[in-house]
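First the structure, in the form of structure tokens, and then the observations on it.
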Amino acid sequence: MSGETALDQSGLGVPAERAPTDWRGDAMRRRIARRYASERRFRLLGMAAVLASAGFLAFLLISMMGNGLRGFTRTEVAVPIDFPRSVAMIDPAVLQTNPEQALANANLPAVLEQATTQAFGVSDTQLLSPNAVLALRDAIIRDPAILDQKVTVNLPASTGIDVAMKSEGNGTDEALASRLDDTGVISTAFNLGFLTGSDGTDPTMVGIWGALKGSLITMVITLALSFPIGVFAALYLEEYAPRNRWTDLIEVSINNLAAVPSIIFGLLGLAIFLNVMHLPRSAPLVGGMTLALMTMPVIVIAGRNAIKAVPPSIRDAALGIGASPVQVVFHHVLPLALPGILTGTIIGMARALGETAPLLMIGMRAFVSQPPGGFTDPATVLPVQIFLWSDEVGRGFIEKTSAAIIVLLAFLLTMNSIAIYLRNKFEKKW
């Protein structure tokens with residue numbers, strides 16, 4: 001009978017035969033209904049998590065695009081300048097031989113003051129950017145013939161006028177911008193100088209190229225140091241290192257280094273590379289070496305896991321056909337593990353690209369007005385540049401900060417896309 005214990009011939013107790021499951025019974029139907037309901041709730045929770053993540057990402061992109069796209073534009077004022085009647089003092093002979101010296105003594109600020117007062121009735125300091133003199137100088141160098149005629153030159157507007165044209169400014173700037181806009185002498189155009197210039201004190205004239213080039217050079221040094229050292233360390237630990245206490249200590253140390261706060265690596269770089277080795281401060285070389293110390297543990301851990309995932313049959317087959325242990329590792333194991341190694345490299349490099357704290361410790365927060373020309377020239381990087389602009393009091397730097405974040409995201413996506421392409425290529429090959 002069901003639920004009772006029967007005795008076999010040896011006298012041992014065995015369970016009696018169970019009754020068949022009633023799949024059409026009410027109890028079973030309720031159990032199945034609860035199971036399906038639980039699965040539906042799990043799907044809804046998963047979908048809600050995905051939608052929440054997508055919502056946060058969309059909010060980030062929309063907010064950055066809303067403020068940042070204005071940072072790629074600049075407000076310009078069409079200023080009529082009558083050079084023959086202006087107060088400019090330019091020697092034509094010196095202009096042909098040494099235009100920089102000739103224009104340095106040409107009293108161009110007085111020319112702008114005279115032109116804006118006659119044309120608009122306001123001072124050039126209220127209407128134009130402090131760097132409008134440089135824009136006028138460049139226009140004269142490009143076409144010296146304008147010195148003999150009356151021309152209209154597009155010059156960058158002041159920060160107040162620029163903000164008033166793009167969003168909301170104070171009463172005086174907004175009224176002046178509205179009046180000039182009605183006369184058609186003011187316009188907003190794409191600011192190519194933002195992509196080709198460097199840092200500055202005027203938000204209408206700053207550029208991102210100096211920080212972008214500094215980030216590029218720093219990432220090249222970081223990758224050149226961390227990738228080969230990390231891969232070779234992973235190969236040695238996984239394929240050649242003996243299993244003893246020292247190896248265990250090294251493995252634990254590498255795992256701990258991957259979780260160390262980034263500012264600790266900045267202190268390490270400050271102590272070793274600057275105070276002991278006396279390398280140049282605020283140089284991409286020091287920044288790349290510091291970030292390489294932070295990235296190497298991530299590559300070693302990812303590399304060891306990828307190497308460990310290669311089937312042992314690959315090694316046995318290679319050894320069986322006469323390959324040496326070195327050939328097994330470099331001709332078979334490493335190519336098969338390379339996609340996983342590249343995945344870890346992508347994660348490590350993405351983290352290094354967004355780091356600010358270790359670079360601040362080695363002095364890469366300096367004001368750099370020129371793009372770096374080499375590995376040892378003073379430079380800054382995109383995250384530090386964003387940090388510096390976000391700390392500025394000028395209203396014009398708000399949109400420049402968002403625009404710099406867009407450039408940083410574009411740089412990160414480009415770098416990751418190249419790495420993902422290489423990873424997929426190796427996966428298809430093998």
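Letters A, B, ... mark the chains of the structure tokens in the order given; residue numbers begin at 1 per chain; ligand numbers begin at 1, in order shown.
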Within 12 Å of Ser313 in chain A using only C-alpha atoms, minus same-chain residues under 6 positions, as a PyMOL selection string
chain A and resi 319-320+328+332-333
Save the residues we just selected, C-alpha atoms, as a compact mmCIF listing (two decimals), in the first residue's frame?
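That gives us result.txt:
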```txt
# COMPACT_ATOMS: atom_id res chain seq x y z
CA LEU A 319 52.90 17.71 -27.89
CA GLY A 320 51.86 14.45 -29.56
CA VAL A 328 52.64 24.69 -27.73
CA HIS A 332 48.42 27.08 -29.96
CA VAL A 333 47.56 28.19 -26.42
```
Within 7 Å of range 337-345 of chain A using only C-alpha atoms, minus same-chain residues under 6 positions, as an mmCIF file with N, CA and C atoms, in the first residue's frame:
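So part-v7.cif came out as:
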```cif
data_model
loop_
_atom_site.group_PDB
_atom_site.id
_atom_site.type_symbol
_atom_site.label_atom_id
_atom_site.label_comp_id
_atom_site.auth_asym_id
_atom_site.auth_seq_id
_atom_site.Cartn_x
_atom_site.Cartn_y
_atom_site.Cartn_z
ATOM 1 N N VAL A 298 44.811 43.716 -13.978
ATOM 2 C CA VAL A 298 43.576 43.324 -14.677
ATOM 3 C C VAL A 298 43.894 42.436 -15.874
ATOM 4 N N ILE A 299 44.930 42.792 -16.632
ATOM 5 C CA ILE A 299 45.311 41.995 -17.803
ATOM 6 C C ILE A 299 45.850 40.633 -17.366
ATOM 7 N N ALA A 302 42.791 38.449 -16.296
ATOM 8 C CA ALA A 302 42.024 38.042 -17.482
ATOM 9 C C ALA A 302 42.828 37.075 -18.346
ATOM 10 N N GLY A 303 44.134 37.316 -18.461
ATOM 11 C CA GLY A 303 44.968 36.423 -19.258
ATOM 12 C C GLY A 303 45.066 35.035 -18.666
ATOM 13 N N ALA A 306 41.817 33.222 -19.347
ATOM 14 C CA ALA A 306 41.693 32.835 -20.760
ATOM 15 C C ALA A 306 42.609 31.657 -21.089
ATOM 16 N N ILE A 307 43.827 31.673 -20.560
ATOM 17 C CA ILE A 307 44.767 30.566 -20.807
ATOM 18 C C ILE A 307 44.255 29.276 -20.150
ATOM 19 N N VAL A 310 41.667 27.247 -22.179
ATOM 20 C CA VAL A 310 42.047 26.489 -23.376
ATOM 21 C C VAL A 310 42.016 24.993 -23.030
ATOM 22 N N ALA A 419 39.429 47.441 -30.376
ATOM 23 C CA ALA A 419 39.792 46.250 -29.613
ATOM 24 C C ALA A 419 38.795 45.111 -29.837
ATOM 25 N N ARG A 423 39.470 41.422 -31.405
ATOM 26 C CA ARG A 423 39.069 40.203 -30.690
ATOM 27 C C ARG A 423 38.207 39.305 -31.579
ATOM 28 N N PHE A 426 40.299 37.513 -34.297
ATOM 29 C CA PHE A 426 41.024 36.316 -33.831
ATOM 30 C C PHE A 426 40.060 35.169 -33.560
ATOM 31 N N GLU A 427 38.848 35.457 -33.096
ATOM 32 C CA GLU A 427 37.887 34.403 -32.864
ATOM 33 C C GLU A 427 37.478 33.733 -34.169
#
```
From a DSSP pass on the backbone, collect the residues of range 260-344 of chain A flagged as helix (DSSP H, G or I) and hand them back as a PyMOL selection string.
chain A and resi 262-276+284-308+312-320+325-344
Generate a file of the selected residues that holds C-alpha atoms, formatted as a PDB file, in the first residue's frame.
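Written out: result-v3.pdb:
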```
ATOM      1  CA  SER A 262      43.643  54.202  -8.189  1.00  0.00           C
ATOM      2  CA  ILE A 263      44.997  57.071  -6.098  1.00  0.00           C
ATOM      3  CA  ILE A 264      47.415  54.610  -4.455  1.00  0.00           C
ATOM      4  CA  PHE A 265      48.998  54.048  -7.859  1.00  0.00           C
ATOM      5  CA  GLY A 266      49.244  57.816  -8.195  1.00  0.00           C
ATOM      6  CA  LEU A 267      51.176  57.991  -4.939  1.00  0.00           C
ATOM      7  CA  LEU A 268      53.389  55.148  -6.156  1.00  0.00           C
ATOM      8  CA  GLY A 269      54.078  56.981  -9.424  1.00  0.00           C
ATOM      9  CA  LEU A 270      54.846  60.175  -7.515  1.00  0.00           C
ATOM     10  CA  ALA A 271      57.266  58.405  -5.204  1.00  0.00           C
ATOM     11  CA  ILE A 272      59.103  56.312  -7.816  1.00  0.00           C
ATOM     12  CA  PHE A 273      58.902  58.059 -11.183  1.00  0.00           C
ATOM     13  CA  LEU A 274      59.153  61.656  -9.968  1.00  0.00           C
ATOM     14  CA  ASN A 275      60.997  61.627  -6.635  1.00  0.00           C
ATOM     15  CA  VAL A 276      63.390  58.719  -7.318  1.00  0.00           C
ATOM     16  CA  PRO A 284      52.536  61.566 -20.780  1.00  0.00           C
ATOM     17  CA  LEU A 285      55.452  59.218 -20.137  1.00  0.00           C
ATOM     18  CA  VAL A 286      54.934  59.341 -16.371  1.00  0.00           C
ATOM     19  CA  GLY A 287      51.155  59.203 -16.758  1.00  0.00           C
ATOM     20  CA  GLY A 288      51.350  56.159 -19.013  1.00  0.00           C
ATOM     21  CA  MET A 289      53.724  54.345 -16.681  1.00  0.00           C
ATOM     22  CA  THR A 290      51.490  55.063 -13.682  1.00  0.00           C
ATOM     23  CA  LEU A 291      48.352  53.859 -15.472  1.00  0.00           C
ATOM     24  CA  ALA A 292      50.256  50.784 -16.698  1.00  0.00           C
ATOM     25  CA  LEU A 293      50.867  49.779 -13.073  1.00  0.00           C
ATOM     26  CA  MET A 294      47.119  50.003 -12.490  1.00  0.00           C
ATOM     27  CA  THR A 295      46.146  48.146 -15.684  1.00  0.00           C
ATOM     28  CA  MET A 296      48.609  45.243 -15.495  1.00  0.00           C
ATOM     29  CA  PRO A 297      46.840  43.263 -12.703  1.00  0.00           C
ATOM     30  CA  VAL A 298      43.576  43.324 -14.677  1.00  0.00           C
ATOM     31  CA  ILE A 299      45.311  41.995 -17.803  1.00  0.00           C
ATOM     32  CA  VAL A 300      47.161  39.309 -15.797  1.00  0.00           C
ATOM     33  CA  ILE A 301      43.946  38.030 -14.184  1.00  0.00           C
ATOM     34  CA  ALA A 302      42.024  38.042 -17.482  1.00  0.00           C
ATOM     35  CA  GLY A 303      44.968  36.423 -19.258  1.00  0.00           C
ATOM     36  CA  ARG A 304      45.265  33.618 -16.727  1.00  0.00           C
ATOM     37  CA  ASN A 305      41.561  32.846 -16.943  1.00  0.00           C
ATOM     38  CA  ALA A 306      41.693  32.835 -20.760  1.00  0.00           C
ATOM     39  CA  ILE A 307      44.767  30.566 -20.807  1.00  0.00           C
ATOM     40  CA  LYS A 308      43.184  28.241 -18.255  1.00  0.00           C
ATOM     41  CA  PRO A 312      44.072  20.429 -22.321  1.00  0.00           C
ATOM     42  CA  SER A 313      43.510  18.359 -25.451  1.00  0.00           C
ATOM     43  CA  ILE A 314      45.047  21.201 -27.496  1.00  0.00           C
ATOM     44  CA  ARG A 315      48.271  20.943 -25.526  1.00  0.00           C
ATOM     45  CA  ASP A 316      48.282  17.138 -25.666  1.00  0.00           C
ATOM     46  CA  ALA A 317      47.672  17.090 -29.412  1.00  0.00           C
ATOM     47  CA  ALA A 318      50.459  19.607 -30.068  1.00  0.00           C
ATOM     48  CA  LEU A 319      52.903  17.710 -27.890  1.00  0.00           C
ATOM     49  CA  GLY A 320      51.859  14.454 -29.561  1.00  0.00           C
ATOM     50  CA  PRO A 325      56.520  23.248 -24.895  1.00  0.00           C
ATOM     51  CA  VAL A 326      57.339  26.763 -26.102  1.00  0.00           C
ATOM     52  CA  GLN A 327      55.723  26.065 -29.489  1.00  0.00           C
ATOM     53  CA  VAL A 328      52.643  24.687 -27.731  1.00  0.00           C
ATOM     54  CA  VAL A 329      52.279  27.892 -25.737  1.00  0.00           C
ATOM     55  CA  PHE A 330      52.949  30.448 -28.481  1.00  0.00           C
ATOM     56  CA  HIS A 331      51.537  28.596 -31.505  1.00  0.00           C
ATOM     57  CA  HIS A 332      48.423  27.075 -29.958  1.00  0.00           C
ATOM     58  CA  VAL A 333      47.555  28.186 -26.417  1.00  0.00           C
ATOM     59  CA  LEU A 334      48.213  31.918 -26.754  1.00  0.00           C
ATOM     60  CA  PRO A 335      46.295  32.409 -30.040  1.00  0.00           C
ATOM     61  CA  LEU A 336      43.302  30.566 -28.599  1.00  0.00           C
ATOM     62  CA  ALA A 337      43.433  32.612 -25.385  1.00  0.00           C
ATOM     63  CA  LEU A 338      43.973  35.953 -27.142  1.00  0.00           C
ATOM     64  CA  PRO A 339      40.261  36.890 -27.464  1.00  0.00           C
ATOM     65  CA  GLY A 340      39.813  36.524 -23.713  1.00  0.00           C
ATOM     66  CA  ILE A 341      43.028  38.456 -23.076  1.00  0.00           C
ATOM     67  CA  LEU A 342      41.795  41.275 -25.307  1.00  0.00           C
ATOM     68  CA  THR A 343      38.541  41.388 -23.362  1.00  0.00           C
ATOM     69  CA  GLY A 344      40.479  42.002 -20.152  1.00  0.00           C
TER      70      GLY A 344
END
```
For Leu413 in chain A, which residue among A:Ser63, A:Ser253, A:Gly207, A:Ala350 is the nearest when counting only C-alpha atoms?
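Nearest to Leu413 in chain A: A:Ala350.
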Residue neighbourhood range 208-215 of chain A, 8 Å, only C-alpha atoms, exclusion window fewer than 6 positions, as a PyMOL selection string:
chain A and resi 194-199+284+353+368-372+379-382+385+404
